[in-house]
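Asker: My structure is below; once you've seen it, I'll send some questions.
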Amino acid sequence: MVSVGAAGAFAFTALPTASATPSASAVIAEVYGGGGNSGATLTRDFVELGNAGSTAYDLSGYSVQYLPGTPSSGSTWQVTALTGAIAPGARYLVGEGTGSGGTTALPTTDATGSIAMSATSGTIALVSGTTALTCKTAVDCAADPSIVDLTGYGTAVVREGSGPATGASNTAAVARADSLADTDDNAADFTAGTPSPVNSAGQTPGSGDGGGDGGDGGSPTDPGTVRVHDLQGTTRLSPYSGQTVTRVPGIVTGVRSSGSLGYWIQDPTPDTDPRTSEAVFVYTGSAKPTVAAGDSVLVTGKVSEYYPSSTSQSNTEITGPTTTVLSSGNALPDAVTLDATSVPDAYIPTASGGSIESLALQPTVYAQDFYESLEGMRVTFADARVVGASDAYGELWVTVKPNENATARGGTLYSSYDQPNTGRIEVMSLDTTSTFPSANVGDELSGVTTGPLDYSTYGGYNVQATQLGTLVDNGLKQEVTRRQKKDELAVATYNVENLDALDTQEKFDRLAEGVAVNLNSPDIVALEEIQDDNGATNDGTVTAEGTLKRFTDAVRAVGGPAYKWRYISPTNNQDGGEPGGNIRQVFLFNPKRVSFTDHPGGDATTATSVVKTRKGVELTYSPGRIDPTNAAWEDSRKPLVGEFTFQGEQVFVIANHFISKGGDQPIHGRYQPPARSSETQRAAQAAEVNTFVKSLLAADKNAKTVVLGDLNDYEFSQTVTTLTADKVLKPLITTLPTAERYTYVYDGNSQTLDHILTSPAVTSFNYDVVHINAEFADQASDHDPQIVRIDLAKCRRH
């Protein structure tokens, strides 16, 4: 609700008007947006429809829609879907948003929504259809044939006739005369007065059940009047949010005795609306649930929407419950099958960056709407391929669409912002007595997995498995790339995940094996996330000599070369990452194969640049940093540039670790499309690297340059587009077959975050992503390394 005075006072004169054809049947009879506001008696907003005709008016597929009185460019129509019909001469009550004030509930509503209508100014439309209107002027709305009737009140721009209805407030509704006369002039047809909602049964406040109190006078073992599908509603938000519901019936289908304590109930007698879930989570707070699966219960409590995070969708819950167990050992309701047929291919609706919560669910169109329409209900799938390995929290990801964007090694490829993979679903276990399986990508959960469908911050919808399929190990192996030939320069990149001198020897050994064995001892390795010598201890230490000695010693111990290293220590706590950790990029190089050209003087805040000399092009500082005081690098790692020589050929290498995606809205969240706020800084960082490469090529168009590292963005992102602008760099990930283009697995999506790019003079190369971590439950790092082998002699001939 918006309180009186929230809408500005505007005068509108001689404006064009909206005009649906005057109706002798269904019309908007009364509008009230002050429910729950200061001074209000009623707790809830409402829209009342009426039928002035002599035959019933079918509302199937219709909706009531709301637009702010003075719409902005970002304003959208909010939709409440309708069902049923209005009998001749009868009314039809649509309940909308609730407030914290008021004392009197509406009578039982005929349709429920959650729109927070303004008390003083807005537009309501009765629409033949459930697609949100797009018109925002009176003229445009008048031309829309789907609008059956329209009422603007207060100072509404969109209204019928000479002006909007006047007098709406926290305590006053605007209503037609009892005759429901419609002249298509809101100012003439509506007058202000005390709100008087009437439902299709003729009930008024106090004569019905009070909109969800369940009939407090009934027997303690009799169900109340509200069923689970009523409180779930047809949108993502409960129309009963904030209200107490009494004796809601259901069968317990799952119990959670750790973490967020509670249990799920499901109504074994569903309604016919596919949008309304038949289950709900009952949150017991700090008290362990005393019910068991199969119990038939009545639950009394307050309906609330729980948001796991600020940008996530919500879980509808009953909180502060009182539970009556009627019987035990009952059969559980049938589970809904998740498979390629039932889960839609489209992912989620859009709201121009706003919240999708008030949109009517379309479970046959969007996968996320389908899952929301099953919130809390028992779902099941069979013989599903693992697409995200088990983690330390007892979670894994499967796909219920086996043919959806499959990778070469059994995962699901993420290759577009517009079409996220819809078959992915996270699996957790409610059975705390059994060991959760250790699964790798490409393994299979054979047989049936069943449980309530939940929603969490990380990953969105998930199955809380009460029955878990049997793990079948499909034998995924770590890759080992070939050794470079004598005339090939091998350059690799590897994010070693916050490695510091205090880490266990096991971690050093496993990461070292990745370099010496799986990467087959590259000539140059760019390492990301090398921390200082005491890790997260925040005492001003910035050197990493101890960390690098332990690492290079571990490489030698497993048969690798005696690497030397170069890096620039950051200014304390100025490069992002774990506070006190001071992560940075480091060059390792094998002095028996390649030499590093030192140009001393580079430090944390001094920029290196390109100069022409009599000997050719060189850096002013090597190792050096790219414009480290530029705002693009604020609280982020600065690129490390080095000048190398291999068999007499000069090669420039730029190691990067762009700012993370932290703070971006999730693809499964309520704001759609999600804002990717971190992308702005990454694009600025990419532009700086692109400019530096251009300076190299301007000095020597044949300069052989390798840009590599953890860019924290996809090959189809603005970051990579900016980095490669003017074709100064080629992203090598795009040279691989599509099914092999990934370096990281997140939420069951195999995706590319790490990159190697080369300048035009690098014409002869062999590129490989070496999969040793991201697909495995047992990881040394969460990133896979990659390598390029460059034949510089052949590059010269080209």
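The chains in the structure tokens are called A, B, ... from first to last as shown; in each chain the residues are counted from 1, and the ligands are counted from 1 in the order shown.
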Using DSSP on the backbone, list every residue of region 532-649 of chain A that comes out as strand (DSSP E), and give them as a VMD selection string.
Answerer: chain A and resid 564 to 566 584 to 589 595 to 597 610 to 613 616 to 619 624 to 625 640 to 646 649
Asker: Near region 755-762 of chain A, counting only C-alpha atoms, which residues have an atom at most 10 Å away, once you skip same-chain residues fewer than 2 positions from it, shown as a count of residues only?
Answerer: 59
Asker: Have a look at A:Asp273, A:Asp222, A:Asp726, A:Glu775 and name the one nearest to Gly61 (chain A); count only C-alpha atoms.
Answerer: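 Residue with the minimum atom-to-atom distance to Gly61 (chain A): A:Asp273.
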Asker: For Ser241 (chain A), please output as a list of chain:residue names all residues within 7 Å (counting only C-alpha atoms; exclusion window: fewer than 6 positions along the same chain).
Answerer: A:Val303, A:Ser304, A:Glu305
Asker: Residues as selected, C-alpha atoms, written as a PDB file, in the first residue's frame, can you do that?
Answerer:
```
ATOM      1  CA  VAL A 303       1.896 -16.929   6.600  1.00  0.00           C
ATOM      2  CA  SER A 304       5.166 -15.244   5.670  1.00  0.00           C
ATOM      3  CA  GLU A 305       7.568 -14.898   2.758  1.00  0.00           C
TER       4      GLU A 305
END
```
Asker: Rounded to one decimal place, report the CA of Arg670 (chain A)-CA of Tyr461 (chain A) distance in Å.
Answerer: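 That distance, rounded to one decimal, is 12.6 Å.
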Asker: Write out as a list in words the residues lying within 7 Å of Asn330 (chain A), counting only C-alpha atoms and excluding same-chain residues fewer than 3 positions away.
Answerer: Gly294, Asp295 and Ser296 of chain A
Asker: I need the residues from that last selection saved to file as a compact mmCIF listing (two decimals), in the first residue's frame (with all heavy atoms), if you can.
Answerer:
```
# COMPACT_ATOMS: atom_id res chain seq x y z
N GLY A 294 4.00 -38.82 6.52
CA GLY A 294 2.79 -39.62 6.55
C GLY A 294 1.77 -39.17 7.57
O GLY A 294 0.64 -39.64 7.56
N ASP A 295 2.15 -38.25 8.48
CA ASP A 295 1.19 -37.70 9.42
C ASP A 295 0.19 -36.80 8.69
O ASP A 295 0.57 -35.98 7.85
CB ASP A 295 1.87 -36.88 10.50
CG ASP A 295 2.61 -37.72 11.52
OD1 ASP A 295 2.47 -38.96 11.49
OD2 ASP A 295 3.34 -37.13 12.36
N SER A 296 -1.09 -36.97 9.03
CA SER A 296 -2.12 -36.04 8.56
C SER A 296 -2.29 -34.98 9.65
O SER A 296 -2.55 -35.31 10.81
CB SER A 296 -3.44 -36.77 8.33
OG SER A 296 -4.46 -35.85 7.99
```
Asker: Restricting the calculation to only C-alpha atoms: of A:Ala557, A:Val441, A:Leu489, A:Ile124, which residue gets closest to Asn773 (chain A)?
Answerer: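 Distance minimum relative to Asn773 (chain A) lands on A:Val441.
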Asker: As a PyMOL selection string, list the residues of region 303-542 of chain A assigned to alpha helix (DSSP H) by DSSP on the backbone atoms of this structure.
Answerer: chain A and resi 367-373+505-513
Asker: Would you write out those residues with C-alpha atoms, as an mmCIF file, in the first residue's frame?
Answerer:
```cif
data_model
loop_
_atom_site.group_PDB
_atom_site.id
_atom_site.type_symbol
_atom_site.label_atom_id
_atom_site.label_comp_id
_atom_site.auth_asym_id
_atom_site.auth_seq_id
_atom_site.Cartn_x
_atom_site.Cartn_y
_atom_site.Cartn_z
ATOM 1 C CA ALA A 367 10.813 -23.495 -16.119
ATOM 2 C CA GLN A 368 11.166 -21.252 -13.065
ATOM 3 C CA ASP A 369 7.387 -20.668 -13.018
ATOM 4 C CA PHE A 370 6.902 -24.430 -13.285
ATOM 5 C CA TYR A 371 9.160 -24.992 -10.282
ATOM 6 C CA GLU A 372 7.452 -22.199 -8.329
ATOM 7 C CA SER A 373 4.049 -23.756 -9.028
ATOM 8 C CA GLN A 505 51.453 -29.823 2.137
ATOM 9 C CA GLU A 506 48.714 -31.866 0.497
ATOM 10 C CA LYS A 507 47.346 -28.749 -1.186
ATOM 11 C CA PHE A 508 50.789 -27.749 -2.443
ATOM 12 C CA ASP A 509 51.451 -31.262 -3.707
ATOM 13 C CA ARG A 510 48.172 -31.547 -5.591
ATOM 14 C CA LEU A 511 48.499 -28.146 -7.238
ATOM 15 C CA ALA A 512 52.119 -28.906 -8.111
ATOM 16 C CA GLU A 513 51.069 -32.184 -9.713
#
```
Asker: Tell me which of A:Gly459, A:Gly35, A:Gly254, A:Gly113 sits closest to Leu93 (chain A), counting only C-alpha atoms.
Answerer: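 Nearest to Leu93 (chain A): A:Gly113.
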Asker: As number ranges by chain, please: the residues near Thr276 (chain A) (cut-off 8 Å, only C-alpha atoms, same-chain neighbours under 6 positions excluded).
Answerer: A: 229-230, 232-234, 373-374
Asker: Write a file of the just-selected residues containing C-alpha atoms, as a PDB file, in the first residue's frame.
Answerer:
```
ATOM      1  CA  HIS A 229      -3.393 -23.791  -2.701  1.00  0.00           C
ATOM      2  CA  ASP A 230      -5.309 -20.757  -1.407  1.00  0.00           C
ATOM      3  CA  GLN A 232       0.126 -20.228  -2.202  1.00  0.00           C
ATOM      4  CA  GLY A 233      -1.910 -18.328  -4.792  1.00  0.00           C
ATOM      5  CA  THR A 234      -1.142 -17.852  -8.467  1.00  0.00           C
ATOM      6  CA  SER A 373       4.049 -23.756  -9.028  1.00  0.00           C
ATOM      7  CA  LEU A 374       5.436 -26.890  -7.321  1.00  0.00           C
TER       8      LEU A 374
END
```
Asker: Can you tell me, as number ranges by chain, what residues are no more than 9 Å from Gly376 (chain A) when counting only C-alpha atoms, ignoring any on the same chain fewer than 3 positions away?
Answerer: A: 264-266, 277-281, 315-316, 372, 379, 451-455
Asker: I want to know what sits within 8 Å of region 592-601 of chain A, based on only C-alpha atoms, with residues of the same chain fewer than 5 positions away left out; could you give that as a PyMOL selection string?
Answerer: chain A and resi 523-524+619-623+642-647
Asker: Please dump the current selection as a JSON list (two decimals), in the first residue's frame; keep N, CA and C atoms.
Answerer:
```json
[["chain", "number", "residue", "atom", "x", "y", "z"],
["A", 523, "ASP", "N", 56.48, -24.02, -20.14],
["A", 523, "ASP", "CA", 57.65, -23.14, -20.04],
["A", 523, "ASP", "C", 57.35, -21.92, -19.18],
["A", 524, "ILE", "N", 56.13, -21.41, -19.29],
["A", 524, "ILE", "CA", 55.69, -20.25, -18.51],
["A", 524, "ILE", "C", 54.34, -20.60, -17.91],
["A", 619, "LEU", "N", 59.59, -3.20, -22.66],
["A", 619, "LEU", "CA", 58.82, -2.58, -21.59],
["A", 619, "LEU", "C", 59.71, -1.68, -20.76],
["A", 620, "THR", "N", 59.12, -0.62, -20.21],
["A", 620, "THR", "CA", 59.92, 0.22, -19.30],
["A", 620, "THR", "C", 60.21, -0.54, -18.02],
["A", 621, "TYR", "N", 59.24, -1.36, -17.57],
["A", 621, "TYR", "CA", 59.44, -2.17, -16.38],
["A", 621, "TYR", "C", 58.95, -3.58, -16.69],
["A", 622, "SER", "N", 59.78, -4.56, -16.34],
["A", 622, "SER", "CA", 59.42, -5.97, -16.52],
["A", 622, "SER", "C", 60.02, -6.77, -15.37],
["A", 623, "PRO", "N", 59.21, -7.33, -14.47],
["A", 623, "PRO", "CA", 57.75, -7.31, -14.51],
["A", 623, "PRO", "C", 57.20, -5.91, -14.20],
["A", 642, "GLY", "N", 55.03, -9.22, -18.42],
["A", 642, "GLY", "CA", 56.41, -9.69, -18.43],
["A", 642, "GLY", "C", 56.93, -9.83, -19.85],
["A", 643, "GLU", "N", 58.24, -9.65, -20.01],
["A", 643, "GLU", "CA", 58.91, -9.78, -21.31],
["A", 643, "GLU", "C", 59.79, -11.02, -21.26],
["A", 644, "PHE", "N", 59.55, -11.96, -22.17],
["A", 644, "PHE", "CA", 60.27, -13.23, -22.19],
["A", 644, "PHE", "C", 60.97, -13.40, -23.53],
["A", 645, "THR", "N", 61.98, -14.29, -23.54],
["A", 645, "THR", "CA", 62.65, -14.66, -24.79],
["A", 645, "THR", "C", 62.72, -16.18, -24.87],
["A", 646, "PHE", "N", 62.29, -16.68, -26.04],
["A", 646, "PHE", "CA", 62.30, -18.13, -26.30],
["A", 646, "PHE", "C", 62.94, -18.36, -27.66],
["A", 647, "GLN", "N", 64.07, -19.07, -27.67],
["A", 647, "GLN", "CA", 64.79, -19.37, -28.91],
["A", 647, "GLN", "C", 65.00, -18.11, -29.76]]
```
Asker: Report, in Å with one decimal, the straight-line distance from CA of Ser73 (chain A) to CA of Met117 (chain A).
Answerer: 18.3 Å
Asker: Which of these residues is nearest to Arg236 (chain A), using only C-alpha atoms: A:Ala774, A:Val79, A:Leu588, A:Ala684?
Answerer: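 Residue with the minimum atom-to-atom distance to Arg236 (chain A): A:Val79.
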Asker: Could you work out how far CA of Glu444 (chain A) lies from CA of Val255 (chain A), giving the answer in Å with one decimal?
Answerer: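 CA of Glu444 (chain A) lies at a distance of 25.8 Å from CA of Val255 (chain A).
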